[in-house]
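Enquirer: I am sharing model.pdb, which consists of PDB, C-alpha atoms:
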ATOM      1  CA  MET D   1      76.669 242.232  77.352
ATOM      2  CA  THR D   2      79.139 239.399  77.869
ATOM      3  CA  VAL D   3      78.126 235.739  78.156
ATOM      4  CA  GLU D   4      80.510 233.365  79.831
ATOM      5  CA  LEU D   5      80.481 230.244  77.687
ATOM      6  CA  GLY D   6      81.655 228.007  80.503
ATOM      7  CA  SER D   7      78.364 228.425  82.380
ATOM      8  CA  ALA D   8      75.915 228.686  79.490
ATOM      9  CA  GLY D   9      73.669 225.664  78.947
ATOM     10  CA  PHE D  10      74.783 222.132  79.664
ATOM     11  CA  ARG D  11      78.392 221.092  79.566
ATOM     12  CA  ASN D  12      79.340 217.565  78.723
ATOM     13  CA  THR D  13      82.609 215.799  78.673
ATOM     14  CA  THR D  14      83.444 212.634  76.823
ATOM     15  CA  GLU D  15      83.399 210.795  80.142
ATOM     16  CA  ARG D  16      79.861 211.985  80.964
ATOM     17  CA  LEU D  17      78.587 210.930  77.536
ATOM     18  CA  ARG D  18      79.752 207.328  77.886
ATOM     19  CA  LEU D  19      77.006 204.724  78.090
ATOM     20  CA  HIS D  20      76.208 203.087  81.404
ATOM     21  CA  ASP D  21      75.654 199.397  81.919
ATOM     22  CA  TRP D  22      72.216 199.261  83.559
ATOM     23  CA  LEU D  23      70.772 196.171  85.214
ATOM     24  CA  LEU D  24      68.459 194.635  82.602
ATOM     25  CA  GLY D  25      67.007 191.216  81.917
ATOM     26  CA  LEU D  26      64.644 189.115  83.958
ATOM     27  CA  GLY D  27      67.187 187.045  85.828
ATOM     28  CA  GLN D  28      65.987 184.108  87.894
ATOM     29  CA  ALA D  29      63.061 184.205  90.324
ATOM     30  CA  THR D  30      65.169 182.092  92.680
ATOM     31  CA  GLU D  31      67.247 185.219  93.368
ATOM     32  CA  VAL D  32      64.155 186.613  95.115
ATOM     33  CA  ILE D  33      63.111 183.393  96.832
ATOM     34  CA  ASP D  34      66.623 182.988  98.237
ATOM     35  CA  THR D  35      66.200 186.241 100.207
ATOM     36  CA  PHE D  36      63.797 184.513 102.610
ATOM     37  CA  PRO D  37      65.229 182.909 105.750
ATOM     38  CA  ALA D  38      65.493 179.159 105.240
ATOM     39  CA  ALA D  39      63.093 176.913 107.155
ATOM     40  CA  ASN D  40      62.384 179.278 110.034
ATOM     41  CA  GLY D  41      58.604 178.834 109.777
ATOM     42  CA  ASP D  42      57.937 182.541 109.311
ATOM     43  CA  PHE D  43      56.929 182.242 105.633
ATOM     44  CA  HIS D  44      54.657 179.992 103.598
ATOM     45  CA  PHE D  45      55.406 179.299  99.914
ATOM     46  CA  ILE D  46      52.721 178.240  97.436
ATOM     47  CA  VAL D  47      53.031 177.598  93.713
ATOM     48  CA  ASP D  48      49.629 177.530  92.023
ATOM     49  CA  ASP D  49      48.390 175.824  88.852
ATOM     50  CA  ARG D  50      49.531 178.777  86.681
ATOM     51  CA  ALA D  51      53.089 178.477  88.100
ATOM     52  CA  ASP D  52      52.634 181.741  89.988
ATOM     53  CA  THR D  53      54.471 181.832  93.308
ATOM     54  CA  HIS D  54      52.917 183.253  96.463
ATOM     55  CA  ILE D  55      54.896 183.880  99.648
ATOM     56  CA  ALA D  56      53.200 185.050 102.818
ATOM     57  CA  SER D  57      54.384 185.617 106.343
ATOM     58  CA  ALA D  58      52.936 183.371 109.027
ATOM     59  CA  ASP D  59      51.202 186.385 110.586
ATOM     60  CA  GLY D  60      49.606 187.250 107.223
ATOM     61  CA  ARG D  61      50.904 190.829 107.049
ATOM     62  CA  PHE D  62      53.570 190.311 104.356
ATOM     63  CA  TYR D  63      52.790 189.046 100.852
ATOM     64  CA  LEU D  64      54.928 188.609  97.763
ATOM     65  CA  GLY D  65      53.474 187.289  94.533
ATOM     66  CA  HIS D  66      55.429 186.399  91.396
ATOM     67  CA  PHE D  67      53.434 186.260  88.166
ATOM     68  CA  PRO D  68      55.825 185.321  85.312
ATOM     69  CA  ASP D  69      53.139 185.793  82.652
ATOM     70  CA  GLY D  70      51.573 188.828  84.325
ATOM     71  CA  ARG D  71      48.970 188.938  87.057
ATOM     72  CA  PRO D  72      45.478 187.958  85.920
ATOM     73  CA  ARG D  73      43.156 190.935  85.428
ATOM     74  CA  ALA D  74      45.979 193.380  86.147
ATOM     75  CA  GLU D  75      48.170 195.303  83.774
ATOM     76  CA  HIS D  76      51.972 195.134  84.006
ATOM     77  CA  GLU D  77      52.151 193.308  87.331
ATOM     78  CA  GLY D  78      54.853 190.667  87.483
ATOM     79  CA  TRP D  79      55.776 191.016  91.141
ATOM     80  CA  VAL D  80      53.529 192.326  93.917
ATOM     81  CA  LEU D  81      54.906 193.040  97.377
ATOM     82  CA  ALA D  82      52.408 194.131 100.018
ATOM     83  CA  VAL D  83      52.622 194.778 103.732
ATOM     84  CA  THR D  84      49.349 195.131 105.618
ATOM     85  CA  GLY D  85      49.077 198.141 107.867
ATOM     86  CA  THR D  86      47.772 198.443 111.383
ATOM     87  CA  ALA D  87      44.802 200.273 112.862
ATOM     88  CA  ARG D  88      46.962 203.392 113.101
ATOM     89  CA  THR D  89      49.375 203.100 110.184
ATOM     90  CA  PRO D  90      48.467 202.282 106.587
ATOM     91  CA  GLY D  91      50.269 199.493 104.770
ATOM     92  CA  TYR D  92      51.789 199.676 101.314
ATOM     93  CA  LYS D  93      52.028 197.844  98.037
ATOM     94  CA  ILE D  94      54.928 197.804  95.575
ATOM     95  CA  VAL D  95      54.334 196.520  92.042
ATOM     96  CA  PHE D  96      57.054 195.537  89.578
ATOM     97  CA  ALA D  97      56.486 194.873  85.876
ATOM     98  CA  PRO D  98      57.025 191.294  84.643
ATOM     99  CA  ASP D  99      60.297 192.316  82.977
ATOM    100  CA  THR D 100      61.818 193.884  86.119
ATOM    101  CA  PRO D 101      65.171 192.244  86.892
ATOM    102  CA  ALA D 102      64.807 189.678  89.681
ATOM    103  CA  ARG D 103      67.971 191.017  91.333
ATOM    104  CA  LEU D 104      66.290 194.412  91.787
ATOM    105  CA  VAL D 105      63.164 192.791  93.265
ATOM    106  CA  ALA D 106      65.378 190.667  95.548
ATOM    107  CA  ARG D 107      67.153 193.748  96.878
ATOM    108  CA  THR D 108      63.846 195.458  97.576
ATOM    109  CA  VAL D 109      62.437 192.379  99.336
ATOM    110  CA  SER D 110      65.590 191.978 101.443
ATOM    111  CA  LYS D 111      65.354 195.636 102.542
ATOM    112  CA  VAL D 112      61.707 195.163 103.547
ATOM    113  CA  LEU D 113      62.520 191.934 105.431
ATOM    114  CA  ALA D 114      65.383 193.710 107.225
ATOM    115  CA  THR D 115      62.952 196.253 108.680
ATOM    116  CA  THR D 116      60.763 193.693 110.439
ATOM    117  CA  GLU D 117      60.906 193.211 114.185
ATOM    118  CA  ARG D 118      59.438 190.355 116.177
ATOM    119  CA  LEU D 119      56.939 191.551 118.784
TER     120      LEU D 119
END
Show the structure stored in the file as C-alpha coordinates.
Expert:
Amino acid sequence: MTVELGSAGFRNTTERLRLHDWLLGLGQATEVIDTFPAANGDFHFIVDDRADTHIASADGRFYLGHFPDGRPRAEHEGWVLAVTGTARTPGYKIVFAPDTPARLVARTVSKVLATTERL
(Lines of atoms letter the chains of each structure in order from A and count residues from 1; the text may use other names and numbers.)
(Lines give C-alpha, C1' and ligand atoms only; values in the text may rest on other atoms or scores of the structure.)
Protein backbone atom coordinates (compact mmCIF):
# COMPACT_ATOMS: atom_id res chain seq x y z
CA MET A 1 0.00 0.00 0.00
CA THR A 2 1.35 3.41 -0.97
CA VAL A 3 0.29 6.66 0.72
CA GLU A 4 0.80 9.88 -1.15
CA LEU A 5 2.15 12.32 1.41
CA GLY A 6 1.00 15.36 -0.53
CA SER A 7 -2.67 14.55 0.13
CA ALA A 8 -2.46 13.02 3.60
CA GLY A 9 -3.82 15.17 6.43
CA PHE A 10 -3.61 18.93 6.43
CA ARG A 11 -0.96 20.81 4.55
CA ASN A 12 0.19 24.18 5.73
CA THR A 13 2.55 26.66 4.28
CA THR A 14 4.32 29.43 6.10
CA GLU A 15 1.95 31.90 4.45
CA ARG A 16 -1.15 30.06 5.74
CA LEU A 17 0.24 29.96 9.28
CA ARG A 18 0.73 33.72 9.52
CA LEU A 19 -1.49 35.51 12.01
CA HIS A 20 -4.40 37.59 10.78
CA ASP A 21 -5.27 41.04 12.03
CA TRP A 22 -8.90 40.66 13.14
CA LEU A 23 -11.19 43.57 13.96
CA LEU A 24 -11.13 43.83 17.76
CA GLY A 25 -11.82 46.52 20.32
CA LEU A 26 -15.01 48.35 21.13
CA GLY A 27 -14.51 51.37 18.92
CA GLN A 28 -16.90 54.29 19.25
CA ALA A 29 -20.69 54.00 19.41
CA THR A 30 -20.84 57.06 17.15
CA GLU A 31 -19.70 54.80 14.29
CA VAL A 32 -23.10 53.10 14.58
CA ILE A 33 -25.14 56.25 15.15
CA ASP A 34 -23.57 57.84 12.08
CA THR A 35 -25.12 55.12 9.88
CA PHE A 36 -28.57 56.67 10.34
CA PRO A 37 -29.74 59.26 7.80
CA ALA A 38 -29.32 62.73 9.25
CA ALA A 39 -32.45 64.66 10.22
CA ASN A 40 -34.86 62.91 7.88
CA GLY A 41 -37.45 62.30 10.62
CA ASP A 42 -37.49 58.54 10.11
CA PHE A 43 -35.71 57.74 13.39
CA HIS A 44 -36.04 58.81 17.01
CA PHE A 45 -32.99 58.82 19.32
CA ILE A 46 -33.28 58.57 23.11
CA VAL A 47 -30.52 58.41 25.70
CA ASP A 48 -31.84 57.22 29.06
CA ASP A 49 -30.62 57.79 32.62
CA ARG A 50 -28.20 54.82 32.39
CA ALA A 51 -26.60 56.33 29.25
CA ASP A 52 -28.12 53.57 27.12
CA THR A 53 -29.06 54.71 23.62
CA HIS A 54 -32.31 53.69 21.95
CA ILE A 55 -33.03 54.32 18.27
CA ALA A 56 -36.40 53.51 16.76
CA SER A 57 -37.94 54.07 13.38
CA ALA A 58 -40.91 56.42 13.21
CA ASP A 59 -43.14 53.50 12.21
CA GLY A 60 -41.96 51.52 15.26
CA ARG A 61 -40.78 48.44 13.34
CA PHE A 62 -37.01 49.00 13.68
CA TYR A 63 -35.22 49.20 17.03
CA LEU A 64 -31.56 49.46 17.95
CA GLY A 65 -30.44 49.60 21.56
CA HIS A 66 -26.90 50.23 22.79
CA PHE A 67 -26.14 49.12 26.34
CA PRO A 68 -22.47 49.97 27.11
CA ASP A 69 -22.59 48.24 30.50
CA GLY A 70 -24.77 45.36 29.31
CA ARG A 71 -28.54 45.21 29.04
CA PRO A 72 -30.33 44.98 32.39
CA ARG A 73 -31.58 41.48 33.20
CA ALA A 74 -29.94 40.06 30.07
CA GLU A 75 -26.66 38.28 29.66
CA HIS A 76 -24.06 39.46 27.13
CA GLU A 77 -26.27 41.98 25.34
CA GLY A 78 -24.49 45.18 24.41
CA TRP A 79 -26.32 45.92 21.17
CA VAL A 80 -29.82 44.74 20.24
CA LEU A 81 -31.17 45.20 16.73
CA ALA A 82 -34.76 44.14 16.12
CA VAL A 83 -37.13 44.42 13.20
CA THR A 84 -40.79 43.68 13.86
CA GLY A 85 -42.43 41.29 11.46
CA THR A 86 -45.78 41.47 9.75
CA ALA A 87 -48.90 39.32 10.00
CA ARG A 88 -47.39 37.00 7.40
CA THR A 89 -43.64 37.23 7.98
CA PRO A 90 -41.86 36.95 11.32
CA GLY A 91 -39.40 39.62 12.38
CA TYR A 92 -35.92 39.06 13.74
CA LYS A 93 -33.55 40.10 16.47
CA ILE A 94 -29.76 40.32 16.34
CA VAL A 95 -27.81 40.58 19.60
CA PHE A 96 -24.17 41.64 19.90
CA ALA A 97 -22.07 41.29 23.05
CA PRO A 98 -20.95 44.51 24.78
CA ASP A 99 -17.39 44.01 23.50
CA THR A 100 -18.39 43.63 19.82
CA PRO A 101 -16.54 46.21 17.71
CA ALA A 102 -18.80 49.15 16.88
CA ARG A 103 -17.59 49.08 13.27
CA LEU A 104 -19.01 45.56 12.87
CA VAL A 105 -22.35 46.62 14.39
CA ALA A 106 -22.38 49.70 12.12
CA ARG A 107 -21.90 47.55 9.02
CA THR A 108 -24.72 45.26 10.07
CA VAL A 109 -27.06 48.19 10.80
CA SER A 110 -26.22 49.85 7.46
CA LYS A 111 -27.03 46.60 5.61
CA VAL A 112 -30.39 46.34 7.40
CA LEU A 113 -31.19 50.01 6.68
CA ALA A 114 -30.28 49.48 3.01
CA THR A 115 -32.97 46.79 2.69
CA THR A 116 -35.85 49.04 3.74
CA GLU A 117 -38.33 50.37 1.22
CA ARG A 118 -40.86 53.13 1.75
CA LEU A 119 -44.42 51.96 1.13
Enquirer: So which residues get picked by the PyMOL selection byres ((chain D and resi 113) around 12) here, written as a ChimeraX atom specification?
Expert: /D:32,35-37,42-43,56-57,61-64,81-83,106-112,114-118
Enquirer: Can you tell me, as a CSV table (one decimal) with C-alpha atoms, in the coordinates of the input, what residues are no more than 6 Å from Trp79 (chain D) when counting only C-alpha atoms, ignoring any on the same chain fewer than 6 positions away?
Expert:
chain,number,residue,atom,x,y,z
D,65,GLY,CA,53.5,187.3,94.5
D,66,HIS,CA,55.4,186.4,91.4
D,95,VAL,CA,54.3,196.5,92.0
D,96,PHE,CA,57.1,195.5,89.6
Enquirer: Suppose you want the space between CA of Asp49 (chain D) and CA of Ala102 (chain D); what is it in Å?
Expert: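 Spanning CA of Asp49 (chain D) to CA of Ala102 (chain D) is a straight-line distance of 21.5 Å.
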Enquirer: Take CA of Phe67 (chain D) and CA of Thr30 (chain D) and report the distance between them in Å, one decimal.
Expert: 13.2 Å
Enquirer: So, counting all atoms listed in the file, which residue among D:Ile33, D:Phe45, D:Gly25, D:Asp52 is closest to Pro72 (chain D)?
Expert: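 Checking each candidate against Pro72 (chain D), we get D:Asp52 as the closest.
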Enquirer: Suppose you want the space between CA of Trp22 (chain D) and CA of Pro101 (chain D); what is it in Å?
Expert: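 Separating CA of Trp22 (chain D) from CA of Pro101 (chain D) is a distance of 10.5 Å.
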Enquirer: I'd like to know which of D:Ile46, D:Asp21, D:Gly60, D:Ile55 is closest to Val80 (chain D), using all atoms listed in the file.
Expert: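 Nearest candidate to Val80 (chain D) out of D:Ile46, D:Asp21, D:Gly60, D:Ile55: D:Ile55.
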Enquirer: Of the candidates D:Thr13, D:Gln28, D:Thr53, D:Thr84, which one gets nearest to Leu104 (chain D) if we count all atoms listed in the file?
Expert: D:Gln28
Enquirer: Which residue is closest to His76 (chain D)? Choose from D:Ala29, D:Ala97, D:Leu24, D:Leu119 and count only C-alpha atoms.
Expert: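 Under the stated criterion, the closest residue is D:Ala97.
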